[in-house]
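Note: the block below is final-v9.cif and it holds mmCIF, C-alpha atoms.
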```cif
data_my_file
#
loop_
_atom_site.label_atom_id
_atom_site.label_comp_id
_atom_site.auth_asym_id
_atom_site.auth_seq_id
_atom_site.Cartn_x
_atom_site.Cartn_y
_atom_site.Cartn_z
CA MET A 944 -14.01 -22.02 36.12
CA ASN A 945 -14.76 -23.78 39.36
CA GLY A 946 -12.39 -26.61 40.11
CA LEU A 947 -9.45 -24.93 38.35
CA SER A 948 -6.34 -23.88 40.18
CA ALA A 949 -5.30 -20.22 40.19
CA ASP A 950 -2.63 -20.90 37.54
CA GLU A 951 -5.15 -22.69 35.32
CA LYS A 952 -7.59 -19.78 35.66
CA ILE A 953 -4.85 -17.38 34.63
CA GLY A 954 -3.96 -19.58 31.67
CA VAL A 955 -7.59 -19.81 30.50
CA SER A 956 -7.97 -16.03 30.91
CA VAL A 957 -4.85 -15.38 28.82
CA VAL A 958 -6.18 -17.63 26.04
CA ILE A 959 -9.56 -15.88 26.08
CA VAL A 960 -7.98 -12.41 25.98
CA GLY A 961 -5.62 -13.52 23.18
CA ALA A 962 -8.52 -14.90 21.14
CA PHE A 963 -10.43 -11.66 21.70
CA LEU A 964 -7.49 -9.55 20.47
CA VAL A 965 -7.12 -11.69 17.33
CA ALA A 966 -10.87 -11.43 16.71
CA MET A 967 -10.66 -7.64 17.02
CA GLN A 968 -8.06 -7.57 14.23
CA PHE A 969 -10.67 -9.14 11.95
CA ALA A 970 -13.47 -6.95 13.29
CA PHE A 971 -11.50 -3.82 12.38
CA PRO A 972 -9.57 -4.69 9.20
CA ALA A 973 -6.84 -2.51 7.76
CA ARG A 974 -9.22 -0.51 5.59
CA HIS A 975 -10.57 1.08 8.78
CA TRP A 976 -7.22 2.25 10.15
CA PHE A 977 -5.35 2.66 6.85
CA PRO A 978 -7.94 3.92 4.36
CA VAL A 979 -6.50 4.63 0.91
CA GLY A 980 -8.47 6.53 -1.72
CA ASP A 981 -8.17 6.26 -5.49
CA ILE A 982 -4.84 7.05 -7.13
CA LYS A 983 -4.46 9.24 -10.19
CA VAL A 984 -1.29 10.02 -12.14
CA GLU A 985 -1.51 13.05 -14.42
CA SER A 986 -0.18 12.63 -17.95
CA GLY A 987 2.79 14.65 -19.18
CA PRO A 988 6.18 14.55 -20.89
CA GLU A 989 8.48 14.18 -17.85
CA PRO A 990 7.83 10.97 -15.85
CA ALA A 991 9.50 12.18 -12.64
CA ALA A 992 7.34 15.32 -12.55
CA LEU A 993 3.97 13.64 -13.21
CA ALA A 994 1.61 14.73 -10.45
CA VAL A 995 0.23 11.91 -8.31
CA SER A 996 -2.94 12.45 -6.34
CA TYR A 997 -4.19 10.09 -3.70
CA ASP A 998 -5.45 10.27 -0.20
CA ARG A 999 -4.59 8.06 2.72
CA GLU A 1000 -4.81 8.25 6.48
CA ILE A 1001 -2.69 6.35 8.98
CA GLU A 1002 -4.91 5.91 12.01
CA ARG A 1003 -2.47 3.71 13.96
CA THR A 1004 1.21 2.81 13.69
CA PHE A 1005 1.89 -0.45 11.86
CA ASP A 1006 4.59 -2.33 9.99
CA GLY A 1007 3.94 -3.03 6.36
CA SER A 1008 5.30 -3.10 2.83
CA TRP A 1009 4.51 -1.37 -0.42
CA ARG A 1010 5.15 -2.20 -4.07
CA ILE A 1011 4.63 -0.26 -7.28
CA GLN A 1012 4.36 -2.04 -10.60
CA ILE A 1013 4.13 -0.14 -13.88
CA TRP A 1014 3.37 -1.78 -17.23
CA ARG A 1015 3.66 -0.22 -20.66
CA VAL A 1016 0.54 -0.96 -22.68
CA LEU A 1017 1.37 -1.61 -26.34
CA PRO A 1018 -0.96 -0.67 -29.22
CA ASP A 1019 -2.13 -4.30 -29.51
CA GLY A 1020 -3.10 -4.28 -25.81
CA ALA A 1021 -0.17 -6.40 -24.65
CA ARG A 1022 1.54 -5.26 -21.45
CA ILE A 1023 5.24 -5.32 -20.71
CA VAL A 1024 6.78 -4.59 -17.31
CA ALA A 1025 8.30 -1.12 -17.20
CA CYS A 1026 9.25 -1.26 -13.51
CA ASN A 1027 8.61 -3.22 -10.35
CA THR A 1028 9.90 -1.87 -7.05
CA GLY A 1029 9.49 -5.18 -5.24
CA LEU A 1030 8.10 -5.17 -1.71
CA ILE A 1031 9.67 -2.41 0.38
CA GLU A 1032 9.26 -2.82 4.15
CA THR A 1033 8.50 0.23 6.25
CA THR A 1034 6.89 1.38 9.47
CA TYR A 1035 3.88 3.64 9.01
CA PRO A 1036 3.62 6.07 11.97
CA ALA A 1037 0.14 7.11 13.08
CA GLY A 1038 -0.85 10.53 11.78
CA ALA A 1039 1.92 10.78 9.14
CA LYS A 1040 0.87 13.23 6.42
CA LEU A 1041 1.69 13.46 2.72
CA PRO A 1042 3.99 16.36 1.76
CA GLU A 1043 2.37 19.80 1.55
CA GLY A 1044 1.92 21.00 -2.01
CA GLY A 1045 1.35 17.54 -3.50
CA ILE A 1046 3.53 14.71 -4.68
CA ASP A 1047 4.97 13.61 -7.98
CA LEU A 1048 5.93 10.23 -9.39
CA ALA A 1049 9.56 10.69 -8.24
CA TRP A 1050 8.39 10.99 -4.61
CA PHE A 1051 5.89 8.18 -4.99
CA VAL A 1052 8.39 5.59 -6.28
CA ASP A 1053 11.00 6.71 -3.74
CA LYS A 1054 14.50 5.81 -4.95
CA HIS A 1055 13.43 3.49 -7.77
CA THR A 1056 14.71 5.48 -10.74
CA GLU A 1057 13.83 2.71 -13.21
CA CYS A 1058 10.23 3.85 -12.72
CA LEU A 1059 11.17 7.32 -13.91
CA SER A 1060 12.79 6.47 -17.26
CA LEU A 1061 9.53 5.75 -19.06
CA ALA A 1062 9.37 6.30 -22.82
CA PRO A 1063 6.35 8.08 -24.30
CA GLY A 1064 3.34 5.78 -24.27
CA HIS A 1065 0.36 4.48 -22.30
CA TYR A 1066 0.98 2.94 -18.86
CA GLU A 1067 -0.90 1.08 -16.14
CA MET A 1068 0.23 1.31 -12.54
CA GLN A 1069 -0.70 -0.85 -9.56
CA VAL A 1070 0.20 0.08 -6.00
CA THR A 1071 -0.03 -2.57 -3.30
CA TRP A 1072 0.27 -2.10 0.43
CA VAL A 1073 0.72 -5.20 2.58
CA ILE A 1074 -0.15 -4.63 6.21
CA ASN A 1075 1.50 -6.99 8.67
CA GLU A 1076 -0.91 -7.23 11.57
CA GLY A 1077 1.05 -9.90 13.41
CA GLY A 1078 2.08 -12.63 11.03
CA VAL A 1079 1.35 -14.09 7.63
CA LEU A 1080 -2.09 -15.34 8.68
CA LEU A 1081 -3.16 -11.80 9.55
CA GLN A 1082 -1.69 -9.95 6.55
CA ARG A 1083 -3.98 -7.63 4.63
CA SER A 1084 -3.40 -6.22 1.16
CA ILE A 1085 -4.76 -3.02 -0.34
CA HIS A 1086 -4.50 -2.51 -4.12
CA ARG A 1087 -5.08 0.61 -6.18
CA GLU A 1088 -4.70 0.94 -9.96
CA THR A 1089 -4.56 3.80 -12.43
CA THR A 1090 -3.55 4.55 -16.01
CA PHE A 1091 -1.54 7.46 -17.38
CA GLU A 1092 0.32 8.69 -20.48
CA VAL A 1093 3.89 9.80 -20.89
CA THR A 1094 3.66 12.25 -23.78
CA SER A 1095 6.28 13.40 -26.29
CA ASP A 1096 8.10 16.66 -25.57
CA GLY A 1097 6.99 18.33 -28.76
#
```
Written as structure tokens, how would this file's structure read?
Amino acid sequence: MNGLSADEKIGVSVVIVGAFLVAMQFAFPARHWFPVGDIKVESGPEPAALAVSYDREIERTFDGSWRIQIWRVLPDGARIVACNTGLIETTYPAGAKLPEGGIDLAWFVDKHTECLSLAPGHYEMQVTWVINEGGVLLQRSIHRETTFEVTSDG
């Protein structure tokens, strides 16, 4: 950097550090600091009480979104939308834990009661987390899918 003024050296240094920080985002993608295991929804007669098991760790605080989509699978294999929460923005604090004693579908879908009025049948569920690492170009998505049954009461 010989021949550059002090201000130019500072400017070049800022660009280099900025490029390094962006590169580090790609070197350590979201799956390293927000690992999410498989999701399973237990079958049963009461949708709100269906046990949901999954594991996730929040290694660093980040802003992101989540969406749950549930489709009813008809006997001919066709799928119809049963519920779609849309993208819900939230801040994920580092170290946040899932509730002790487990979670159920009512907790998992938050306040989206349309996801809890499911008729008996076979369902597919997809959960998507969108991690905003600093703009659209750096967004990461994590998807998990599962199937479950809502059974008849009797």
Find the residues around Tyr1066 (chain A) up to 7 Å (all atoms listed in the file counted), leave out those fewer than 2 positions away in its own chain, and share them as a ChimeraX atom specification. /A:1013-1016,1064,1068,1090-1092
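Closest approach to Ser1008 (chain A) from the set A:Glu951, A:Glu1032, A:Asp1096, A:Glu989 is made by A:Glu1032, with distances taken over all atoms listed in the file.
Across the structure, CA of Cys1058 (chain A) and CA of Val1024 (chain A) are spaced 10.2 Å apart.
Of the listed residues (A:Pro990, A:Glu1067, A:Phe977, A:Ala1062), A:Phe977 comes nearest to Pro1036 (chain A); the distances count only C-alpha atoms.
Within 10 Å of the point (-2.0, 4.8, 8.5) in file coordinates, and counting all atoms listed in the file, lie the residues Ala973, Arg974, His975, Trp976, Phe977, Pro978, Val979, Arg999, Glu1000, Ile1001, Glu1002, Arg1003, Thr1004, Phe1005, Asp1006, Thr1034, Tyr1035, Pro1036, Ala1037, Gly1038, Ala1039, Lys1040 and Ile1074 of chain A.
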Residue selection dump (C-alpha atoms) as a JSON list (two decimals), in the frame of the given file:
```json
[["chain", "number", "residue", "atom", "x", "y", "z"],
["A", 973, "ALA", "CA", -6.84, -2.51, 7.76],
["A", 974, "ARG", "CA", -9.22, -0.51, 5.59],
["A", 975, "HIS", "CA", -10.57, 1.08, 8.78],
["A", 976, "TRP", "CA", -7.22, 2.25, 10.15],
["A", 977, "PHE", "CA", -5.35, 2.66, 6.85],
["A", 978, "PRO", "CA", -7.94, 3.92, 4.36],
["A", 979, "VAL", "CA", -6.50, 4.63, 0.91],
["A", 999, "ARG", "CA", -4.59, 8.06, 2.72],
["A", 1000, "GLU", "CA", -4.81, 8.25, 6.48],
["A", 1001, "ILE", "CA", -2.69, 6.35, 8.98],
["A", 1002, "GLU", "CA", -4.91, 5.91, 12.01],
["A", 1003, "ARG", "CA", -2.47, 3.71, 13.96],
["A", 1004, "THR", "CA", 1.21, 2.81, 13.69],
["A", 1005, "PHE", "CA", 1.89, -0.45, 11.86],
["A", 1006, "ASP", "CA", 4.59, -2.33, 9.99],
["A", 1034, "THR", "CA", 6.89, 1.38, 9.47],
["A", 1035, "TYR", "CA", 3.88, 3.64, 9.01],
["A", 1036, "PRO", "CA", 3.62, 6.07, 11.97],
["A", 1037, "ALA", "CA", 0.14, 7.11, 13.08],
["A", 1038, "GLY", "CA", -0.85, 10.53, 11.78],
["A", 1039, "ALA", "CA", 1.92, 10.78, 9.14],
["A", 1040, "LYS", "CA", 0.87, 13.23, 6.42],
["A", 1074, "ILE", "CA", -0.15, -4.63, 6.21]]
```
Record the distance separating CA of Gln1069 (chain A) and CA of Val984 (chain A), expressed in Å with one decimal. 11.2 Å
